[in-house]
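Participant: Next up is a structure, given as structure tokens.
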Amino acid sequence: MHAQLQSIYEALGITSEHVTKNKLLACEQPLLAELEVVDIDFEGKPFILLSAAARAWREMVRAADEDEIMLKPFSGFRSYLHQKSLIERHLKNGRPLDNILTHIAIPGFSEHHSGRAVDIHEAGHPVLEEEFERTSAFAWLSENATRFGFRLSYPRGNDQGIIYEPWHWYFYGWSDLTGHALAQALQNNSRKTAFW
């Protein structure tokens with residue numbers, strides 16, 4: 001196991017049982033050179049994505065804007081340590097770890113670590129809430145996101161152990177892959193890294 005993740009798991013009380021029961025795929029953090037600042041997020045912080053995802057995001061935002069839809073970035077790339085701090089915040093508020101892990105992925109398993117995941121919100125609406133599915137942004141994404149290589153990661157009734165997240169979209173970019181690269185991507189995406 002990655003030494004940093006082992007240390008994070010120990011600090012959070014994440015056990016081998018948590019990791020074994022986890023149904024999400026492992027996600028490595030990209031090299032810093034592979035990431036780029038795309039925008040400013042809701043808190044005025046840099047919104048960062050993997051370069052290929054950043055290009056697709058910009059194209060998708062431009063297309064949505066042409067349809068008078070504003071896609072606002074809430075969250076993009078997230079490091080293992082940032083993921084740890086999200087869980088720590090909930091633990092400090094007295095929330096049980098098992099409950100937290102239905103809303104927040106175990107560090108090392110969040111799609112945000114890849115730099116390909118985007119949490120999206122629409123101005124004037126609650127953020128990271130199920131009611132995002134009733135926004136014009138969600139309707140537009142449902143109709144158009146796949147044209148730009150994005151898909152909804154956690155639909156209602158998903159079997160990944162994560163709540164329904166209509167705001168969370170992941171860049172696959174399969175259309176950019178051919179032959180061996182596609183076979184390798186499919187193989188990498190179909191297996192979970194063994195941490196224990």
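Ordered as shown in the structure tokens, chains take letters A, B, and onward, while each chain numbers its residues from 1 and ligands are numbered from 1 in the order shown.
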Identify, with DSSP run on backbone atoms, the residues in range 61-165 of chain A assigned to helix (DSSP H, G or I), and express the list as a PyMOL selection string.

Facilitator: chain A and resi 61-66+80-92+97-100+111-114+130-134+136-148

Participant: Could you save the residues just selected, with N, CA and C atoms, as a short mmCIF file (atom, residue, chain, number, x, y, z; two decimals), in the first residue's frame?

Facilitator:
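Now in out-v7.cif:
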```
data_model
loop_
_atom_site.label_atom_id
_atom_site.label_comp_id
_atom_site.auth_asym_id
_atom_site.auth_seq_id
_atom_site.Cartn_x
_atom_site.Cartn_y
_atom_site.Cartn_z
N VAL A 61 -18.44 23.66 -21.13
CA VAL A 61 -18.95 24.91 -20.56
C VAL A 61 -19.32 25.89 -21.67
N ARG A 62 -18.49 25.96 -22.72
CA ARG A 62 -18.78 26.85 -23.86
C ARG A 62 -20.08 26.44 -24.55
N ALA A 63 -20.25 25.15 -24.77
CA ALA A 63 -21.47 24.66 -25.43
C ALA A 63 -22.70 24.93 -24.56
N ALA A 64 -22.57 24.70 -23.25
CA ALA A 64 -23.70 24.98 -22.35
C ALA A 64 -24.02 26.46 -22.35
N ASP A 65 -23.01 27.30 -22.36
CA ASP A 65 -23.21 28.75 -22.38
C ASP A 65 -23.97 29.18 -23.64
N GLU A 66 -23.66 28.54 -24.76
CA GLU A 66 -24.39 28.83 -26.01
C GLU A 66 -25.87 28.50 -25.87
N TYR A 80 -5.09 13.17 -1.80
CA TYR A 80 -5.41 12.23 -0.73
C TYR A 80 -5.58 12.98 0.60
N LEU A 81 -4.70 13.96 0.83
CA LEU A 81 -4.75 14.70 2.09
C LEU A 81 -6.00 15.56 2.19
N HIS A 82 -6.44 16.12 1.08
CA HIS A 82 -7.68 16.90 1.11
C HIS A 82 -8.86 15.98 1.41
N GLN A 83 -8.85 14.80 0.82
CA GLN A 83 -9.92 13.82 1.09
C GLN A 83 -9.94 13.46 2.57
N LYS A 84 -8.75 13.28 3.13
CA LYS A 84 -8.64 13.00 4.56
C LYS A 84 -9.27 14.12 5.38
N SER A 85 -9.00 15.38 5.01
CA SER A 85 -9.53 16.51 5.79
C SER A 85 -11.05 16.58 5.71
N LEU A 86 -11.64 16.18 4.58
CA LEU A 86 -13.10 16.15 4.46
C LEU A 86 -13.70 15.15 5.45
N ILE A 87 -13.08 13.98 5.53
CA ILE A 87 -13.56 12.95 6.46
C ILE A 87 -13.35 13.39 7.90
N GLU A 88 -12.20 13.97 8.19
CA GLU A 88 -11.91 14.44 9.56
C GLU A 88 -12.96 15.46 10.02
N ARG A 89 -13.35 16.35 9.13
CA ARG A 89 -14.35 17.37 9.48
C ARG A 89 -15.65 16.72 9.95
N HIS A 90 -16.08 15.67 9.23
CA HIS A 90 -17.32 14.97 9.61
C HIS A 90 -17.14 14.17 10.90
N LEU A 91 -15.98 13.57 11.08
CA LEU A 91 -15.71 12.82 12.31
C LEU A 91 -15.76 13.75 13.53
N LYS A 92 -15.19 14.96 13.38
CA LYS A 92 -15.20 15.93 14.48
C LYS A 92 -16.61 16.36 14.85
N LEU A 97 -18.00 6.89 11.05
CA LEU A 97 -17.18 6.68 9.86
C LEU A 97 -17.93 5.91 8.77
N ASP A 98 -18.63 4.84 9.14
CA ASP A 98 -19.34 4.04 8.13
C ASP A 98 -20.36 4.87 7.36
N ASN A 99 -21.01 5.80 8.04
CA ASN A 99 -21.96 6.69 7.38
C ASN A 99 -21.24 7.68 6.47
N ILE A 100 -20.14 8.23 6.94
CA ILE A 100 -19.35 9.19 6.15
C ILE A 100 -18.93 8.55 4.83
N GLU A 111 -12.72 9.52 -7.25
CA GLU A 111 -12.47 9.91 -8.64
C GLU A 111 -11.81 11.28 -8.71
N HIS A 112 -12.02 12.09 -7.70
CA HIS A 112 -11.40 13.43 -7.68
C HIS A 112 -9.87 13.34 -7.68
N HIS A 113 -9.30 12.26 -7.12
CA HIS A 113 -7.84 12.11 -7.12
C HIS A 113 -7.28 12.06 -8.54
N SER A 114 -8.06 11.59 -9.48
CA SER A 114 -7.58 11.42 -10.86
C SER A 114 -7.48 12.73 -11.61
N GLU A 130 -29.28 16.56 -3.66
CA GLU A 130 -30.03 15.80 -4.65
C GLU A 130 -30.89 16.69 -5.55
N GLU A 131 -31.34 17.81 -5.01
CA GLU A 131 -32.22 18.66 -5.82
C GLU A 131 -31.51 19.28 -7.02
N PHE A 132 -30.18 19.10 -7.13
CA PHE A 132 -29.48 19.53 -8.34
C PHE A 132 -30.10 18.88 -9.57
N GLU A 133 -30.69 17.67 -9.39
CA GLU A 133 -31.29 16.98 -10.53
C GLU A 133 -32.47 17.75 -11.12
N ARG A 134 -33.00 18.75 -10.41
CA ARG A 134 -34.12 19.55 -10.92
C ARG A 134 -33.67 20.86 -11.55
N SER A 136 -31.67 23.30 -14.48
CA SER A 136 -31.46 23.30 -15.94
C SER A 136 -30.07 22.77 -16.27
N ALA A 137 -29.10 22.99 -15.38
CA ALA A 137 -27.74 22.48 -15.60
C ALA A 137 -27.75 20.95 -15.66
N PHE A 138 -28.45 20.31 -14.73
CA PHE A 138 -28.50 18.85 -14.73
C PHE A 138 -29.21 18.33 -15.98
N ALA A 139 -30.31 18.97 -16.36
CA ALA A 139 -31.03 18.55 -17.57
C ALA A 139 -30.11 18.65 -18.78
N TRP A 140 -29.35 19.74 -18.86
CA TRP A 140 -28.44 19.92 -19.99
C TRP A 140 -27.34 18.86 -19.96
N LEU A 141 -26.75 18.62 -18.80
CA LEU A 141 -25.70 17.61 -18.68
C LEU A 141 -26.21 16.22 -19.06
N SER A 142 -27.40 15.89 -18.60
CA SER A 142 -27.98 14.57 -18.91
C SER A 142 -28.12 14.36 -20.40
N GLU A 143 -28.40 15.42 -21.10
CA GLU A 143 -28.59 15.36 -22.55
C GLU A 143 -27.27 15.45 -23.33
N ASN A 144 -26.28 16.17 -22.79
CA ASN A 144 -25.11 16.53 -23.59
C ASN A 144 -23.74 16.10 -23.08
N ALA A 145 -23.61 15.76 -21.82
CA ALA A 145 -22.28 15.53 -21.24
C ALA A 145 -21.47 14.45 -21.96
N THR A 146 -22.13 13.40 -22.42
CA THR A 146 -21.39 12.31 -23.08
C THR A 146 -20.71 12.78 -24.37
N ARG A 147 -21.23 13.81 -25.01
CA ARG A 147 -20.57 14.35 -26.22
C ARG A 147 -19.18 14.87 -25.90
N PHE A 148 -18.95 15.23 -24.64
CA PHE A 148 -17.68 15.81 -24.22
C PHE A 148 -16.85 14.83 -23.39
#
```

Participant: Determine which residues of range 1-188 of chain A DSSP labels as strand (DSSP E or B) from the backbone of this structure, then write them out as number ranges by chain.

Facilitator: A: 35-40, 46-50, 72-75, 117-121, 150-154, 165-171

Participant: Fewer than 2 positions away in the same chain doesn't count, so skip those; otherwise give me all residues within 12 Å of Gly108 in chain A, counting only C-alpha atoms, as a VMD selection string.

Facilitator: chain A and resid 1 to 9 14 19 22 24 to 30 78 to 84 104 to 106 110 to 114 192 to 195

Participant: Output the selection as a PDB file, in the first residue's frame - C-alpha atoms for each residue.

Facilitator:
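Ended up saving to result.pdb:
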```pdb
ATOM      1  CA  MET A   1       0.000   0.000   0.000  1.00  0.00           C
ATOM      2  CA  HIS A   2       1.081   3.551  -0.656  1.00  0.00           C
ATOM      3  CA  ALA A   3       2.772   4.729   2.593  1.00  0.00           C
ATOM      4  CA  GLN A   4       0.857   8.020   2.604  1.00  0.00           C
ATOM      5  CA  LEU A   5      -2.462   6.188   2.333  1.00  0.00           C
ATOM      6  CA  GLN A   6      -1.517   3.758   5.113  1.00  0.00           C
ATOM      7  CA  SER A   7      -0.817   6.712   7.392  1.00  0.00           C
ATOM      8  CA  ILE A   8      -4.112   8.389   6.414  1.00  0.00           C
ATOM      9  CA  TYR A   9      -6.086   5.181   7.056  1.00  0.00           C
ATOM     10  CA  ILE A  14     -10.102   3.099   8.215  1.00  0.00           C
ATOM     11  CA  VAL A  19     -11.163  -1.120   2.090  1.00  0.00           C
ATOM     12  CA  ASN A  22     -15.335  -0.675  -0.694  1.00  0.00           C
ATOM     13  CA  LEU A  24     -14.932   1.934  -5.792  1.00  0.00           C
ATOM     14  CA  LEU A  25     -11.884   1.685  -8.029  1.00  0.00           C
ATOM     15  CA  ALA A  26      -8.527   2.917  -6.784  1.00  0.00           C
ATOM     16  CA  CYS A  27      -7.527   6.300  -8.227  1.00  0.00           C
ATOM     17  CA  GLU A  28      -3.944   7.499  -8.370  1.00  0.00           C
ATOM     18  CA  GLN A  29      -3.045  11.161  -8.149  1.00  0.00           C
ATOM     19  CA  PRO A  30      -1.536  12.446 -11.422  1.00  0.00           C
ATOM     20  CA  ARG A  78      -8.576  16.543  -4.766  1.00  0.00           C
ATOM     21  CA  SER A  79      -5.428  15.144  -3.149  1.00  0.00           C
ATOM     22  CA  TYR A  80      -5.407  12.226  -0.726  1.00  0.00           C
ATOM     23  CA  LEU A  81      -4.752  14.705   2.094  1.00  0.00           C
ATOM     24  CA  HIS A  82      -7.680  16.902   1.107  1.00  0.00           C
ATOM     25  CA  GLN A  83      -9.918  13.818   1.088  1.00  0.00           C
ATOM     26  CA  LYS A  84      -8.638  12.999   4.564  1.00  0.00           C
ATOM     27  CA  ILE A 104     -17.186  10.559   0.825  1.00  0.00           C
ATOM     28  CA  ALA A 105     -14.862   8.012  -0.778  1.00  0.00           C
ATOM     29  CA  ILE A 106     -12.007   6.437   1.139  1.00  0.00           C
ATOM     30  CA  SER A 110     -12.106   9.125  -4.946  1.00  0.00           C
ATOM     31  CA  GLU A 111     -12.472   9.908  -8.641  1.00  0.00           C
ATOM     32  CA  HIS A 112     -11.395  13.428  -7.684  1.00  0.00           C
ATOM     33  CA  HIS A 113      -7.841  12.111  -7.119  1.00  0.00           C
ATOM     34  CA  SER A 114      -7.585  11.419 -10.859  1.00  0.00           C
ATOM     35  CA  LYS A 192      -9.203  -2.388  -8.082  1.00  0.00           C
ATOM     36  CA  THR A 193      -5.746  -1.946  -6.670  1.00  0.00           C
ATOM     37  CA  ALA A 194      -5.130  -4.262  -3.731  1.00  0.00           C
ATOM     38  CA  PHE A 195      -4.183  -2.180  -0.722  1.00  0.00           C
TER      39      PHE A 195
END
```

Participant: Just want the 10 Å neighbourhood of range 44-57 of chain A, counted on only C-alpha atoms, with same-chain residues fewer than 2 positions away dropped. Output as a ChimeraX atom specification.

Facilitator: /A:29-42,59-63,71,73-78,112-118,145,147-150,170-173,176
